[in-house]
Amino acid sequence: MGKPLIHRSPMPGLGLSMGVTLTMLSLVVLLPIGALLWKGASFGVGNIWDTINRERVWAALFLSFRLSLFAALFNLVFGVMLAWVLVRYRFPGRRILDAAVDLPFALPTAVAGIALTALYAPNGAFGSIAKELGAKIAYTQWGIFIALIFVGLPFVTRTVQPVVEEIEREVEEASATLGASRGHTIRWVILPMLAPAALTGFALSLARAVGEYGSVIFIAGNIPLKTEIAPLLIVIQLEEFNYDAAAAIGIAMLLISFAMLLVINLIQVFSRRRIGYV
Amino acid sequence: MHIEIDEISKQFGITAALHPVSLAIPSAALVALLGPSGSGKTTLLRILGGLEFPTSGRVLFDGQDATALTVQERRAGFVFQSYALFRHMTVFDNIAYGLTARPRANRPPRAEIARRVTKLLDLIQLPAVGTRFPSQLSGGQRQRVALARALAIEPRMLLLDEPFGALDAKVRKELRQGLRDIHDETGLTTIFVTHDQDEAMELADLVVVMSMGRIEQIGKPADIRARPASAFVRDFISA
Amino acid sequence: MSDARLIPFRPATEETPTTRLVLIGLAIGGLGLLVFGPLLIVFAEALAQGWGAAIAALSNPDAASAMRLTLIIAAIAVPLNAAFGIAAAWFITKFDFRGKAFLITLIDLPFSVSPVVAGLCIILMFGSNSLLGGWLVASGYPIVFALPGIILATMFVTFPFVARELIPVMIEQGRAEEEAALTLGASGWRVFATVTLPNIRWALLYGVLLSNARAMGEFGAVAVVSGKIRGQTATMPITIEMLYNEYLSVAAFSLAAVLTLLALLTLLLKTALELRHADQLAAARRP
C-alpha cells in the first residue's frame, strides 16, 4: 500500500483550487514550453545542433553567458557589501538607499535600457566623462555589462539582508575574545555565514542576466560577433519567420536556465544538510 | 591572575547600568557574580572581557592598568550564554580558532594546534566529537566545547556569562562539577555570572551579590548565608 | 592611559570609522551610478524641451492608445494571476499531496525562463503556423500579434508573483483557524472570505503590486508576440522602443517617465507595506 496521491482532508475547495491551479499552469506555462520542446523534437537534434553550431550563435551564447557571469560576480561582491551597509550602519538616507535597491525590479526594462544608454552614451552624463578618460561604455561590451549589473542588482542584497540581520552579535564577540582581528572575523566567521544566501542570490542574478533582453538591446550596439546577445538572435530569427532556428536557440537557452535552476537548488540542499541552515 | 575593579561605572544613555563599583578578585579564585536580571552583573563581566568600555573607572590585571586593552589584547577566555559557537565550523575548528587566528609569526604549527585541541577535547571529556558540527551536539556538549574553545587561547582568566542558563536541571548539576574541576586543574581566575543562588553558593569561593548596578555584598558563601548584609541579600538568597 | 574617557573605544562588532565611511561611500556611489543616475536622466530627457513638449508627446494618439492598451493588459492579466495565486496557494497549503515540491518548482519556472523565450513559446503554441493557432486564426480568433497573445505573454512572466508571496504566509498561518470556522458550520466560501482572506490581504496586495509593476513594464516577451502594430498592439514599453529608434527622444522619455513614476509609486507602496505589515508578509523578501 503506497501513500495516497492526495490525503483526505476536511478542507473545502480541493476540486476548485486544484482545477484552477493545474488548468492555468498548463495553459499559461506548461503547454507553451511544451510547444517549444515539441518544435525542437520535430526539428531534430541534428538540425538543432547545426543551427547552434555557427560562429554567430556561439559568439552570442558565449557573450551572454560570460557577461552575465561577470555581472553576477560584481553583484555578489557589491550586493553583500550593500546588505551589510544597509543592515549594520545608520546614516542619513539609508531608507532611500534601501528602497532604491528594488528599483531594477520595479522599473520596466525598456525604460532602464534607454536611461542607461542616455547616461553612458559618449555624449551622455557619465559616458562623456568616460570619453575624456579614453573609454567607451555604451555600444560596447561594457555597456552590456552595466545593464546586466542593473537587472541583477537586487538579488544578492535581498537574499543576504535577512541573514545579516540574524547574525548574533555574540558570535562576532566570541571571535574577538579569541584574539581575532575584525578583518579575520569578517573573513572567517561572517562571510562563511553569508555564503549560502549570497550564492543563491548570485545564481538568481546570473539566471536573470542570461535571459535579459529589454535593458540590454538599447545599450548593446548589437553588432554580430561582438555585442549581440543570445535573446536578440531569437528575436531576429522570429522577425524572419524562421521558427525552427528560433526554437533551436530557445531550447539551448532553456537548457542553460534549467541547469542554473538545478544548481540553485543543489546549493540550498547542500548548505542545509551540511550546516543545518540556509 | 589578580583582578582589580576600581570605581567602574557604566551609563547606557541616561540609565546607569553600573554605579561606581570596586572589587578585588584574588588570583585563582572562582567567583560568582550573583543577582537578578538588570543588576549589572553581565555588564561588569563584559567590561572585564573588553566587550564594553566603562564610563569611568579602571580595571587592573596584576596591578597593571588594563582599561585600554582591546578585546583581542585581553586574552580573556569568554564563554557566552548562547555559547556563540561558529556553526559553519567543526568542533575541532571551533576550538582551534583562537590559535589559527593569530598572525602567522606567532601561530603554532599545524601539528601543535592539533595536539592542543585533542588535549582540550580530552579535558572536557568529549574526545570523539572533533569532526562534528555544533548543530549535531547536545546543549551540554555545546557548553563544554565553548569552554574548550575559550581555554585554547591559554587565557589569563575565564569569564562565563550564565554558563548553565540554557541547560536542563540534570545536565546543569553535572556541568557544575565539570567547571569546578577545570578551574582546579587550570588554576585560572574564573568569574561567572548567574541569577541562581544555589549555583553561586555551591560552586564559588567568593560570591558577589549585585542589585540595581550596585554591589550589595561580597563574601564567602557561608558568610553571606549566615550574615546577609542587607534586606535585599536576605530575600534573594532565601528565594 | 589612566583616564578611561580619553581613549576611543570601538565595540568588537564594529568596523573602524574609516572602513564604515568607505563602505557607505561605495554603496552610495554604486547606487548613484546604477540606480539614481538612470532615474534622474529619464526625467531630465523627458523635460529636455520643456513641459509643453513632454505633455504634447503624451497626448499624441499613439501614446494615448499605448497607455490605454497597457492598462487593459494589466487589468486582465493581474486579476487572473491573482486568482491563480490564491487558488494555487490554497491547494498547496491546505492539502497534502504527492509532488508538492515539484508543483512549486513548476510555478516558479517562469522566473528562470528568458522573457524572449517565453514569447517564443507562445508563438510556437498559438502562432498561425501551429496546429492550434492556425485553426484559431481561421476561426477569426488570432492570438499572436493580437491582444490575447500579449496578455498570455504578460501572464507567463508574472505568473509566480502572487503565489510566491502567498504560499509562505499561508504555511506559517497553518490551518487551525479555517478548521475552527468549519467546525462552527461555516461554508467553504465563507471560511475563505471571513477567515483566510483577512489574514492574507496584505501579502496578496504585495504580490499584486509586484505583479502589476512587471505586467505594465514587460518588454521582452511582449515585443516578440505583439507584432508592434502602432495604435493596436503597441504597449507603452513597445511604443517607447519605437519612438526611441526613430530618435524621438523627448517622446520616448516622456512615456518612460510615466512608467518610472509608476515604478516609484510601486516602490513607495511596497516600502509602506513592508514597514506596516512586515509580520503578515512572506518572511523571506525574495524577489
# chains A, B, ... in the order shown; residues from 1 in each chain; ligands from 1
>>> interface_residues(of="chain B", to="chain C", cutoff="8 Å", atoms="only C-alpha atoms", output="VMD selection string")
chain B and resid 51 to 58 65 67 to 68 71
>>> interface_residues(of="chain B", to="chain A", cutoff="10 Å", atoms="only C-alpha atoms", output="MDAnalysis selection string")
chainID B and resid 49:51 70:90 94:103 133:136 146 149:155
>>> interface_residues(of="chain C", to="chain A", cutoff="7 Å", atoms="only C-alpha atoms", output="count of residues only")
51
>>> residues_around(residues="Asp184 (chain B)", least_positions_apart="6", cutoff="10 Å", atoms="only C-alpha atoms", output="PyMOL selection string")
chain B and resi 28-30+178
>>> closest_residue(among="C:Ile200, C:Leu268, C:Val162, C:Val144", to="Val225 (chain C)", atoms="only C-alpha atoms")
C:Val144
